[in-house]
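A short write-up of the structure that comes next.
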Amino acid sequence: MHFDLTDDQEALRDGIRAVCQGRFPSERVREGFDRETFDALGETGVFSLIADGFSWADASIAFEELGRAVVPGPLVWGVLAHGLVDGVPTGLDRPAPGAPAMVEHLAAAGAVLVLDADAVRVVPADAVAGVALDWPLDPLTPVTRVTDLPTGEVLAGADVTRWRRAGAVLTAAFQVGMAHACVEQATAYALDRRQFDRPVGSFQAIKHLLADALVRAEVARTAVHAAAVTLDDPEVGDLDRAISGAKLLAGEAALKNAKASVQVHGGMGFTWEVDAHLYLKRAWVTNTAFGAPDACADRVAATLPGGA
Amino acid sequence: MHFDLTDDQEALRDGIRAVCQGRFPSERVREGFDRETFDALGETGVFSLIADGFSWADASIAFEELGRAVVPGPLVWGVLAHGLVDGVPTGLDRPAPGAPAMVEHLAAAGAVLVLDADAVRVVPADAVAGVALDWPLDPLTPVTRVTDLPTGEVLAGADVTRWRRAGAVLTAAFQVGMAHACVEQATAYALDRRQFDRPVGSFQAIKHLLADALVRAEVARTAVHAAAVTLDDPEVGDLDRAISGAKLLAGEAALKNAKASVQVHGGMGFTWEVDAHLYLKRAWVTNTAFGAPDACADRVAATLPGGA
Amino acid sequence: MDLRASPSDEAFRAGLRAWLDATLATLPPEPARDDWPARVAYDTDWQKRLFDAGYAGMSWPREYGGRDAPPSEQLIFLEECSNAKAPYVGVNFVGTLHAGPTLIAEGTDAQKAAHVPKILRGDEVWCQCFSEPDAGSDLAGLTTRAERDGDHYVVTGRKIWCSFGQIGEFGELLARTDPTAPKHKGISWFILPMDLPGIEVRPIETILGSSEFCEVFLDEVRVPADCLVGAENDGWRVTNVTLSFERGTAFVSEMVDAMRMAVELAPHVHDPADRRELGHVVAEFDALWALTKRNVSRAARTGDTGLGGMLMKLAYSEARDRLGELSMRVLDRGVFDVHEPFVEERLRTLSLTIAAGTSQIQRNIVGERVLGLPRERAWPAPGTEG
Amino acid sequence: MDLRASPSDEAFRAGLRAWLDATLATLPPEPARDDWPARVAYDTDWQKRLFDAGYAGMSWPREYGGRDAPPSEQLIFLEECSNAKAPYVGVNFVGTLHAGPTLIAEGTDAQKAAHVPKILRGDEVWCQCFSEPDAGSDLAGLTTRAERDGDHYVVTGRKIWCSFGQIGEFGELLARTDPTAPKHKGISWFILPMDLPGIEVRPIETILGSSEFCEVFLDEVRVPADCLVGAENDGWRVTNVTLSFERGTAFVSEMVDAMRMAVELAPHVHDPADRRELGHVVAEFDALWALTKRNVSRAARTGDTGLGGMLMKLAYSEARDRLGELSMRVLDRGVFDVHEPFVEERLRTLSLTIAAGTSQIQRNIVGERVLGLPRERAWPAPGTEG
């Protein structure tokens, strides 16, 4: 057992972080996602990690860095559908009859992957009819309300259960990265910002808010690593419980830490100019994907003896 | 509308508070409840307030003071059953078949009032068979696990719904008093206790813990007053919602503030010597009576349109 | 202690309801949020209607055209207006709730005559120039300078979070007139004509994607000396007199609005845990509504809301935050459109724990002023640290 | 990054399990909590058995009779013992986990020879005399004096929260040897023979109604100078060396125990909201168990658990508090007997957020040492306040 990043994993983390800092600074991120972004990300190899023989643990480390930079795009689908469809992939869980179906980044997409009860199906993006929201919650995540979602064709060789699990792990990893970025950005602000002739970070109210945020992020990170390692090697644990727990804690960390960041930034946190709101909005959006926090908590409880 | 204490009510509050300070200081409270306590309390008139023409709002003001002093005994039953039974009254909600039935202060009691679906019934205390717990959670509230609870006789003229409502209001009022006492005691300690060459109450971590506790207590107090006033005059609001909300907030305030008091008292809060634990234990015990917090929250939600 | 409305309160309520019923039906459609000229027209028209009907300046003294209504009627007025979805105070906010009352209390006869009637009739829109980039929670640390030069003050500095800065004809200005005095003692309160040379206004885009606030840049703005309100260097006290006009009604519209949101959310809440959370939040709003009545009752008797007034903002902000989070969980991705009322409200209400004193500052206030816990000490000045 | 146990770890686990199976069956019944002589006999008997089987001093160097096991084996040892409900370290706590490691690191050869082997075999019971009534969170503010007098130190003061003070033969003592030095620089670490004249021990009754801690009154106790461990005035550093012996395993028994409580609670939880809360708490414990493995892995490689070690106490205490509150809600009045395990545990775990550094102090540590936020400044000394 060596449940810590290997030297190779640290190098991978540092490499992706450097790429994000160089190519996805805040100004670039605010331009949103398009085909060019997809290709630029593709060149870094983040979508092909699994195909290239890396582990899910490695992929989750990479996604943590993407989350730290709050990179926009249907990134998880980029990994899941890598090499299997043409153009930019996006996707969704097939909604229950009557429930609203929402697809992100439809305009930029070539294919929509639909997770059905027993299969992954592909629908060409231009076959999906819908209405784009004028003002999606996250300005960097355009959302289309689908009015017609064709059945599509089964994607051979794609294990829908495994896609759901991997999607949850990568989404949770992205959220952990966001949660940590929020702590870092708010801490930097709290060190810089002075009120009452002292840095606001010297006040316990702010210090403890940030300490709790860091604890949440780090505990969630560990949960995500455990889930990713279990996805790589299911014999070391209860895979569904590990994934549900990780998604729960990561989603909560992303949301609460983004709110903490808004609060620490004070009035500036309520502006479009500061990045805090981008993290908050993405936290809400990602919490709806691959398992909402409440559903995840229910699933963890159901794994206990007598818990079904 | 004058939703504030009248001069008479302020006098009542001050009078009961003075009685408690004089006759129920901590040392006396720690001796527990017995017939003598009952008689002493009876002399103050707290049990006969309603019979004497006072309002439920008045009674709740008195019970807030009893709670502040964490006076032991089946006090709520003392009001409900005033003049209707011999000896000290205690009581319980008739448990569902198979559920454990617990009665407080059975040894000191003359009669046990049982709240049934449609009536209040009386059972002579010596007709109730059971086993006293060796170590009841609250050392000042002896509890008997009942093994045989006779049906008893219907108490004529007692409206069981009204008893349940009044019991909830008085219990909530008692809890509000406990919640405020915890803030006061912890604040006094935080002013006196010095660490790092300053009063610990000057640290924001402690100051904000106490500020939140005070807010909880005061908001709950207002809710209890509104519930009591509505019990006196049901036309001014939704009585069930007012009572459920008051019991919920009062119970939460008592419990959280007692925990805050333990925390502020530090190591001393973990000792038998400091009173903080008496409030914490009574908070748990009272939360099980006349509506647990979760059930109260459910009932409030059920009052909303489309909420049943 | 009772909750029964008096006959006169009931009569007031009935009259108001009838007027609202008749009047609201005749209003033009609400303007778009970013159409400022239309908003000014709409909101000032509403203020004129209130004035003509005798409902303007509910708490203002009669000699200034107000109604001098008892706090219970103020409460009913705000409650009924919110329930009827009447227009909010809108662009008249600063004038009717801050600047007007301040001038009434502290202004000269000339200042009152020039502004008070116009504010009340909706003929004059005001904005607020208090906060600064480096003086937010620590407002008294403001550094905008006002230097006396003959019969003018020359004002230079930068203000932020100026509500209605885009359209205000006059601003409430706090500036430092004595930089050598202790920080609360060297501040003065001015009427700032917003059309003076040297004033530049820049809207701030909020997380809602709209611009409710502005930055105001002041570059050697020559403010006539007769714009000083109250004594020079007495501005800190002057700015605090306004609060007593609220008499416990500050959060009434918010409360009514919050309760309406909770009721509208209820049919969407199917999960048992979410329903319980909703019940909990509703219990808190019920209690805070009762607390409002307590505050109003106390203000009517003593002129001061006491403890209840000091904790209302903190308690309401935190309860509203819980409702906002609950609504986002309940709505899930199907409705994540900013124009969805719940989403818009969730974003807007994020400012409640920040603006006009963060929840952290509120806890300090409760801890220090109510519980008597010791204040934070100032840090040693830079360079003198041990 | 992996979670697979190595073959040698698996072998260690198998051997330990077999030994526990065989040994636990032969143990006498557990003594009552307040029967101190019986507890000493029971716990030291268990320590002897561990020693004889080679499981005593898992982290201790081999030259002192320890096993010098890698952190992964320490983790397995604690996990398996907890799972098998083997006796806790009990009265051997201070000796094996604090005093022994401190003496190994800082003691003289004579001090080591006199105590280390006895501690390891369960022949010597220790207690801790660190905190004082006015030095809790601010431990370095302690005022117990130790004045040199020939070949003795004369010690006077009052200690509190002394675990096992009733039965300890020796105490770990911190006392001030230089009252003129800065507070961290004038403290020394002593071996305190508890049978010296002038020592009085008084048990403290806790909210559980039992006495796990004592007050220790020291009245001119003459402690031989050769009881000084490390250099005079270097005691603050000496007392901190102990921590590195844990190597990430400090909360393992607690974690296993908490998870067992959660599993035992599950069948009682029928309410949907309570079940969700249980799922949440279990997810946290799962994550903290993974964090334990992270800490142990890191300690094995670098000797230090890093960030994970610094936040474990805070995170675990808060999660355990949630479990405790949940259990009380679930159990309701039917089971409010202090001897009910859930109730006893709820009361016991109230100390987790207080003892050995309150959660507030832990947040300061995380905020200052990890995030680099500025420390609180000292207040001005009394009399010099501005």
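Identifiers for the structure tokens are assigned positionally: chains receive A, B, ... in sequence, residues are indexed from 1 per chain, and ligands are indexed from 1 in the order shown.
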
Which residues of chain B come within 8 Å of chain A, and what is each one's closest atom pair and distance in Å (one decimal), counting only C-alpha atoms, sorted by chain and residue number, as JSON lines?
```
{"residue": "B:Phe203", "atom": "CA", "partner": "A:Gln204", "partner_atom": "CA", "distance": 7.2}
{"residue": "B:Gln204", "atom": "CA", "partner": "A:Gln204", "partner_atom": "CA", "distance": 5.5}
{"residue": "B:Ala205", "atom": "CA", "partner": "A:Gln204", "partner_atom": "CA", "distance": 6.0}
{"residue": "B:His208", "atom": "CA", "partner": "A:Ala205", "partner_atom": "CA", "distance": 7.8}
```

Just the selected residues (C-alpha atoms), exported as a PDB file, in the first residue's frame, please.
```
ATOM      1  CA  PHE B 203     -11.594  35.861  20.382  1.00  0.00           C
ATOM      2  CA  GLN B 204     -13.987  35.946  17.458  1.00  0.00           C
ATOM      3  CA  ALA B 205     -14.314  32.166  17.485  1.00  0.00           C
ATOM      4  CA  HIS B 208     -19.387  34.474  17.281  1.00  0.00           C
TER       5      HIS B 208
END
```

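Residues within 7 Å of C:Ala5, counting only C-alpha atoms and excluding same-chain residues fewer than 4 positions away, are B:Met1, C:Asp9, C:Glu10.
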
Within 12 Å of stretch 302-310 of chain C, counting only C-alpha atoms, which residues show up once you throw out same-chain ones fewer than 3 positions away? Write them as an MDAnalysis selection string, please.
(chainID B and resid 4 211 214:222) or (chainID C and resid 70:71 243:251 287:299 313:316 357 359 361:371)

Closest pair table for chain D residues within 8 Å of chain C, only C-alpha atoms, as a tab-separated table:
```
residue	atom	partner	partner_atom	distance
D:Pro272	CA	C:Pro272	CA	6.4
D:Ala273	CA	C:Ala273	CA	4.4
D:Arg276	CA	C:Ala273	CA	7.9
D:Arg377	CA	C:Trp379	CA	7.0
D:Trp379	CA	C:Arg377	CA	7.1
```

If you run DSSP on the backbone, which residues of stretch 191-261 of chain D are alpha helix (DSSP H), as a list of chain:residue names?
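Those residues are D:Gly235, D:Trp236, D:Arg237, D:Val238, D:Thr239, D:Asn240, D:Val241, D:Val252, D:Ser253, D:Glu254, D:Met255, D:Val256, D:Asp257, D:Ala258, D:Met259, D:Arg260, D:Met261.
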
Save out the residues we just selected, N, CA, C and O atoms, as a PDB file, in the first residue's frame.
```pdb
ATOM      1  N   GLY D 235      11.993  22.227  27.803  1.00  0.00           N
ATOM      2  CA  GLY D 235      10.880  21.293  27.934  1.00  0.00           C
ATOM      3  C   GLY D 235       9.798  21.434  26.877  1.00  0.00           C
ATOM      4  O   GLY D 235       9.116  20.456  26.552  1.00  0.00           O
ATOM      5  N   TRP D 236       9.630  22.620  26.332  1.00  0.00           N
ATOM      6  CA  TRP D 236       8.585  22.804  25.315  1.00  0.00           C
ATOM      7  C   TRP D 236       8.925  21.993  24.057  1.00  0.00           C
ATOM      8  O   TRP D 236       8.065  21.340  23.472  1.00  0.00           O
ATOM      9  N   ARG D 237      10.219  22.019  23.702  1.00  0.00           N
ATOM     10  CA  ARG D 237      10.630  21.207  22.566  1.00  0.00           C
ATOM     11  C   ARG D 237      10.525  19.715  22.920  1.00  0.00           C
ATOM     12  O   ARG D 237      10.013  18.915  22.137  1.00  0.00           O
ATOM     13  N   VAL D 238      10.972  19.366  24.106  1.00  0.00           N
ATOM     14  CA  VAL D 238      10.955  17.962  24.513  1.00  0.00           C
ATOM     15  C   VAL D 238       9.536  17.390  24.428  1.00  0.00           C
ATOM     16  O   VAL D 238       9.326  16.282  23.930  1.00  0.00           O
ATOM     17  N   THR D 239       8.577  18.158  24.851  1.00  0.00           N
ATOM     18  CA  THR D 239       7.220  17.614  24.910  1.00  0.00           C
ATOM     19  C   THR D 239       6.619  17.446  23.525  1.00  0.00           C
ATOM     20  O   THR D 239       5.648  16.714  23.354  1.00  0.00           O
ATOM     21  N   ASN D 240       7.201  18.101  22.557  1.00  0.00           N
ATOM     22  CA  ASN D 240       6.669  17.981  21.204  1.00  0.00           C
ATOM     23  C   ASN D 240       7.308  16.870  20.377  1.00  0.00           C
ATOM     24  O   ASN D 240       6.820  16.552  19.298  1.00  0.00           O
ATOM     25  N   VAL D 241       8.396  16.274  20.875  1.00  0.00           N
ATOM     26  CA  VAL D 241       9.038  15.201  20.093  1.00  0.00           C
ATOM     27  C   VAL D 241       8.162  13.957  20.041  1.00  0.00           C
ATOM     28  O   VAL D 241       8.229  13.167  19.109  1.00  0.00           O
ATOM     29  N   VAL D 252      -6.625   6.000  14.687  1.00  0.00           N
ATOM     30  CA  VAL D 252      -7.088   4.748  14.079  1.00  0.00           C
ATOM     31  C   VAL D 252      -8.130   4.045  14.944  1.00  0.00           C
ATOM     32  O   VAL D 252      -9.200   3.645  14.460  1.00  0.00           O
ATOM     33  N   SER D 253      -7.847   3.912  16.224  1.00  0.00           N
ATOM     34  CA  SER D 253      -8.813   3.217  17.085  1.00  0.00           C
ATOM     35  C   SER D 253     -10.142   3.966  17.115  1.00  0.00           C
ATOM     36  O   SER D 253     -11.222   3.366  17.050  1.00  0.00           O
ATOM     37  N   GLU D 254     -10.046   5.283  17.217  1.00  0.00           N
ATOM     38  CA  GLU D 254     -11.259   6.106  17.194  1.00  0.00           C
ATOM     39  C   GLU D 254     -12.044   5.880  15.897  1.00  0.00           C
ATOM     40  O   GLU D 254     -13.265   5.762  15.907  1.00  0.00           O
ATOM     41  N   MET D 255     -11.336   5.831  14.786  1.00  0.00           N
ATOM     42  CA  MET D 255     -11.993   5.698  13.484  1.00  0.00           C
ATOM     43  C   MET D 255     -12.731   4.359  13.370  1.00  0.00           C
ATOM     44  O   MET D 255     -13.858   4.291  12.909  1.00  0.00           O
ATOM     45  N   VAL D 256     -12.028   3.313  13.779  1.00  0.00           N
ATOM     46  CA  VAL D 256     -12.634   1.987  13.694  1.00  0.00           C
ATOM     47  C   VAL D 256     -13.870   1.933  14.575  1.00  0.00           C
ATOM     48  O   VAL D 256     -14.926   1.411  14.200  1.00  0.00           O
ATOM     49  N   ASP D 257     -13.721   2.509  15.747  1.00  0.00           N
ATOM     50  CA  ASP D 257     -14.806   2.542  16.707  1.00  0.00           C
ATOM     51  C   ASP D 257     -15.992   3.340  16.154  1.00  0.00           C
ATOM     52  O   ASP D 257     -17.155   2.915  16.253  1.00  0.00           O
ATOM     53  N   ALA D 258     -15.702   4.482  15.550  1.00  0.00           N
ATOM     54  CA  ALA D 258     -16.769   5.327  15.006  1.00  0.00           C
ATOM     55  C   ALA D 258     -17.505   4.576  13.902  1.00  0.00           C
ATOM     56  O   ALA D 258     -18.742   4.608  13.825  1.00  0.00           O
ATOM     57  N   MET D 259     -16.756   3.918  13.042  1.00  0.00           N
ATOM     58  CA  MET D 259     -17.408   3.201  11.947  1.00  0.00           C
ATOM     59  C   MET D 259     -18.277   2.067  12.492  1.00  0.00           C
ATOM     60  O   MET D 259     -19.362   1.809  11.984  1.00  0.00           O
ATOM     61  N   ARG D 260     -17.802   1.422  13.554  1.00  0.00           N
ATOM     62  CA  ARG D 260     -18.617   0.362  14.161  1.00  0.00           C
ATOM     63  C   ARG D 260     -19.911   0.952  14.720  1.00  0.00           C
ATOM     64  O   ARG D 260     -20.996   0.377  14.553  1.00  0.00           O
ATOM     65  N   MET D 261     -19.788   2.109  15.366  1.00  0.00           N
ATOM     66  CA  MET D 261     -20.997   2.740  15.909  1.00  0.00           C
ATOM     67  C   MET D 261     -21.976   3.064  14.783  1.00  0.00           C
ATOM     68  O   MET D 261     -23.186   2.884  14.921  1.00  0.00           O
TER      69      MET D 261
END
```

Could you list, as a CSV table (one decimal) with all heavy atoms, in the first residue's frame, the residues of chain B having an atom within 7 Å of chain D when counting only C-alpha atoms?
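This went into part18.csv:
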```csv
chain,number,residue,atom,x,y,z
B,100,PRO,N,-41.1,1.4,23.3
B,100,PRO,CA,-40.9,1.5,24.7
B,100,PRO,C,-41.6,2.7,25.3
B,100,PRO,O,-41.7,3.8,24.7
B,100,PRO,CB,-39.3,1.8,24.8
B,100,PRO,CG,-39.0,2.4,23.4
B,100,PRO,CD,-40.0,1.8,22.4
B,101,ALA,N,-42.1,2.5,26.5
B,101,ALA,CA,-42.8,3.6,27.2
B,101,ALA,C,-41.9,4.0,28.4
B,101,ALA,O,-41.5,3.2,29.2
B,101,ALA,CB,-44.2,3.1,27.7
B,102,MET,N,-41.7,5.3,28.5
B,102,MET,CA,-40.9,5.8,29.5
B,102,MET,C,-41.6,6.9,30.3
B,102,MET,O,-42.3,7.7,29.7
B,102,MET,CB,-39.6,6.4,28.9
B,102,MET,CG,-38.9,5.6,27.9
B,102,MET,SD,-38.3,4.0,28.5
B,102,MET,CE,-36.8,4.6,29.3
B,133,LEU,N,-34.4,3.3,35.4
B,133,LEU,CA,-33.1,3.2,34.8
B,133,LEU,C,-32.1,3.5,35.9
B,133,LEU,O,-32.2,4.4,36.7
B,133,LEU,CB,-32.9,4.3,33.7
B,133,LEU,CG,-33.8,4.2,32.5
B,133,LEU,CD1,-33.4,5.2,31.4
B,133,LEU,CD2,-33.8,2.8,31.9
B,135,TRP,N,-29.0,4.7,35.4
B,135,TRP,CA,-28.3,5.9,35.0
B,135,TRP,C,-29.0,6.7,34.0
B,135,TRP,O,-28.7,6.7,32.8
B,135,TRP,CB,-26.9,5.6,34.5
B,135,TRP,CG,-26.0,5.0,35.5
B,135,TRP,CD1,-25.8,3.7,35.9
B,135,TRP,CD2,-25.1,5.7,36.3
B,135,TRP,NE1,-24.9,3.6,36.8
B,135,TRP,CE2,-24.4,4.8,37.2
B,135,TRP,CE3,-24.7,7.1,36.5
B,135,TRP,CZ2,-23.4,5.2,38.1
B,135,TRP,CZ3,-23.8,7.5,37.4
B,135,TRP,CH2,-23.1,6.5,38.2
B,136,PRO,N,-30.1,7.4,34.4
B,136,PRO,CA,-30.8,8.1,33.3
B,136,PRO,C,-29.9,9.2,32.8
B,136,PRO,O,-29.0,9.7,33.5
B,136,PRO,CB,-32.0,8.7,34.1
B,136,PRO,CG,-31.5,8.8,35.5
B,136,PRO,CD,-30.7,7.6,35.7
B,137,LEU,N,-30.1,9.5,31.5
B,137,LEU,CA,-29.2,10.5,30.9
B,137,LEU,C,-29.1,11.8,31.7
B,137,LEU,O,-28.0,12.3,32.0
B,137,LEU,CB,-29.7,10.8,29.5
B,137,LEU,CG,-29.1,12.0,28.8
B,137,LEU,CD1,-27.6,11.7,28.5
B,137,LEU,CD2,-29.8,12.3,27.5
B,195,GLN,N,-6.9,33.3,28.5
B,195,GLN,CA,-5.9,32.5,27.9
B,195,GLN,C,-5.1,33.4,26.9
B,195,GLN,O,-5.7,34.3,26.3
B,195,GLN,CB,-6.5,31.3,27.1
B,195,GLN,CG,-7.1,30.2,28.1
B,195,GLN,CD,-6.0,29.4,28.7
B,195,GLN,OE1,-5.5,28.4,28.2
B,195,GLN,NE2,-5.6,29.8,29.9
B,196,PHE,N,-3.9,33.2,26.7
B,196,PHE,CA,-3.1,34.0,25.8
B,196,PHE,C,-3.2,35.5,26.3
B,196,PHE,O,-3.3,36.4,25.4
B,196,PHE,CB,-3.5,33.9,24.3
B,196,PHE,CG,-3.5,32.4,23.9
B,196,PHE,CD1,-4.6,31.7,23.8
B,196,PHE,CD2,-2.3,31.8,23.5
B,196,PHE,CE1,-4.6,30.4,23.3
B,196,PHE,CE2,-2.2,30.5,23.1
B,196,PHE,CZ,-3.4,29.8,23.0
B,197,ASP,N,-3.3,35.7,27.5
B,197,ASP,CA,-3.3,37.1,28.1
B,197,ASP,C,-4.5,37.9,27.7
B,197,ASP,O,-4.4,39.1,27.7
B,197,ASP,CB,-2.0,37.8,27.8
B,197,ASP,CG,-0.8,37.1,28.3
B,197,ASP,OD1,-0.8,36.7,29.5
B,197,ASP,OD2,0.2,37.0,27.6
B,198,ARG,N,-5.6,37.3,27.4
B,198,ARG,CA,-6.8,38.0,27.1
B,198,ARG,C,-8.0,37.2,27.4
B,198,ARG,O,-7.9,36.0,27.5
B,198,ARG,CB,-6.8,38.5,25.6
B,198,ARG,CG,-6.3,37.5,24.6
B,198,ARG,CD,-6.1,38.1,23.3
B,198,ARG,NE,-7.3,38.2,22.6
B,198,ARG,CZ,-7.4,38.3,21.2
B,198,ARG,NH1,-6.3,38.3,20.5
B,198,ARG,NH2,-8.6,38.4,20.6
B,205,ALA,N,-13.8,33.5,17.5
B,205,ALA,CA,-14.3,32.2,17.5
B,205,ALA,C,-15.3,32.0,18.6
B,205,ALA,O,-16.4,31.3,18.4
B,205,ALA,CB,-13.2,31.1,17.6
B,263,GLN,N,-18.7,23.8,25.1
B,263,GLN,CA,-17.5,24.1,24.3
B,263,GLN,C,-16.8,25.3,24.9
B,263,GLN,O,-15.6,25.3,25.0
B,263,GLN,CB,-17.9,24.3,22.8
B,263,GLN,CG,-16.7,24.5,21.9
B,263,GLN,CD,-15.9,23.2,21.7
B,263,GLN,OE1,-16.4,22.1,21.9
B,263,GLN,NE2,-14.6,23.4,21.3
B,266,GLY,N,-14.8,24.8,27.8
B,266,GLY,CA,-13.6,24.0,27.6
B,266,GLY,C,-13.6,22.8,28.5
B,266,GLY,O,-14.7,22.2,28.7
B,267,GLY,N,-12.4,22.4,29.1
B,267,GLY,CA,-12.4,21.2,29.9
B,267,GLY,C,-13.4,21.3,31.1
B,267,GLY,O,-14.0,20.3,31.4
B,270,PHE,N,-16.7,19.8,30.5
B,270,PHE,CA,-16.8,18.4,30.5
B,270,PHE,C,-16.9,17.8,31.9
B,270,PHE,O,-17.0,16.6,32.1
B,270,PHE,CB,-15.6,17.8,29.8
B,270,PHE,CG,-15.7,16.4,29.4
B,270,PHE,CD1,-16.7,16.0,28.4
B,270,PHE,CD2,-14.9,15.4,29.9
B,270,PHE,CE1,-16.9,14.7,28.0
B,270,PHE,CE2,-15.1,14.0,29.5
B,270,PHE,CZ,-16.0,13.7,28.5
B,271,THR,N,-16.9,18.7,32.9
B,271,THR,CA,-17.0,18.2,34.3
B,271,THR,C,-18.5,18.3,34.8
B,271,THR,O,-19.3,19.0,34.4
B,271,THR,CB,-16.2,19.1,35.3
B,271,THR,OG1,-16.7,20.4,35.3
B,271,THR,CG2,-14.7,19.2,34.8
B,272,TRP,N,-18.7,17.4,35.9
B,272,TRP,CA,-19.9,17.4,36.6
B,272,TRP,C,-20.2,18.7,37.3
B,272,TRP,O,-21.3,19.1,37.5
B,272,TRP,CB,-19.9,16.2,37.5
B,272,TRP,CG,-21.3,15.8,38.0
B,272,TRP,CD1,-21.9,16.2,39.2
B,272,TRP,CD2,-22.1,14.8,37.4
B,272,TRP,NE1,-23.1,15.6,39.3
B,272,TRP,CE2,-23.3,14.7,38.2
B,272,TRP,CE3,-22.0,14.0,36.3
B,272,TRP,CZ2,-24.3,13.8,38.0
B,272,TRP,CZ3,-23.1,13.1,36.0
B,272,TRP,CH2,-24.2,13.1,36.8
B,277,HIS,N,-23.5,20.7,31.7
B,277,HIS,CA,-24.0,19.4,31.3
B,277,HIS,C,-25.5,19.2,31.7
B,277,HIS,O,-26.2,18.4,31.1
B,277,HIS,CB,-23.1,18.3,31.8
B,277,HIS,CG,-23.2,18.1,33.3
B,277,HIS,ND1,-23.8,16.9,33.8
B,277,HIS,CD2,-22.9,18.8,34.4
B,277,HIS,CE1,-23.8,17.0,35.1
B,277,HIS,NE2,-23.2,18.1,35.5
B,285,VAL,N,-33.5,15.5,26.8
B,285,VAL,CA,-34.7,14.8,27.4
B,285,VAL,C,-35.9,15.6,27.0
B,285,VAL,O,-36.9,15.0,26.6
B,285,VAL,CB,-34.5,14.8,28.9
B,285,VAL,CG1,-35.9,14.4,29.6
B,285,VAL,CG2,-33.5,13.8,29.3
B,288,THR,N,-37.5,15.1,23.5
B,288,THR,CA,-38.3,13.9,23.2
B,288,THR,C,-39.8,14.1,23.6
B,288,THR,O,-40.6,13.2,23.3
B,288,THR,CB,-37.8,12.7,23.9
B,288,THR,OG1,-37.9,12.8,25.3
B,288,THR,CG2,-36.3,12.5,23.6
```

12 Å contact set for stretch 142-148 of chain B, only C-alpha atoms, chain neighbours under 4 positions out, as a PyMOL selection string
(chain B and resi 32-34+72-74+90-92+94-95+97-109+112+123+125-138+152+282+285) or (chain D and resi 333-338)

Could you jot down the atom CA of D:Arg176 to atom CA of D:Phe190 separation for me, Å, one decimal place?
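Atom-to-atom, atom CA of D:Arg176 to atom CA of D:Phe190, that is 10.6 Å.
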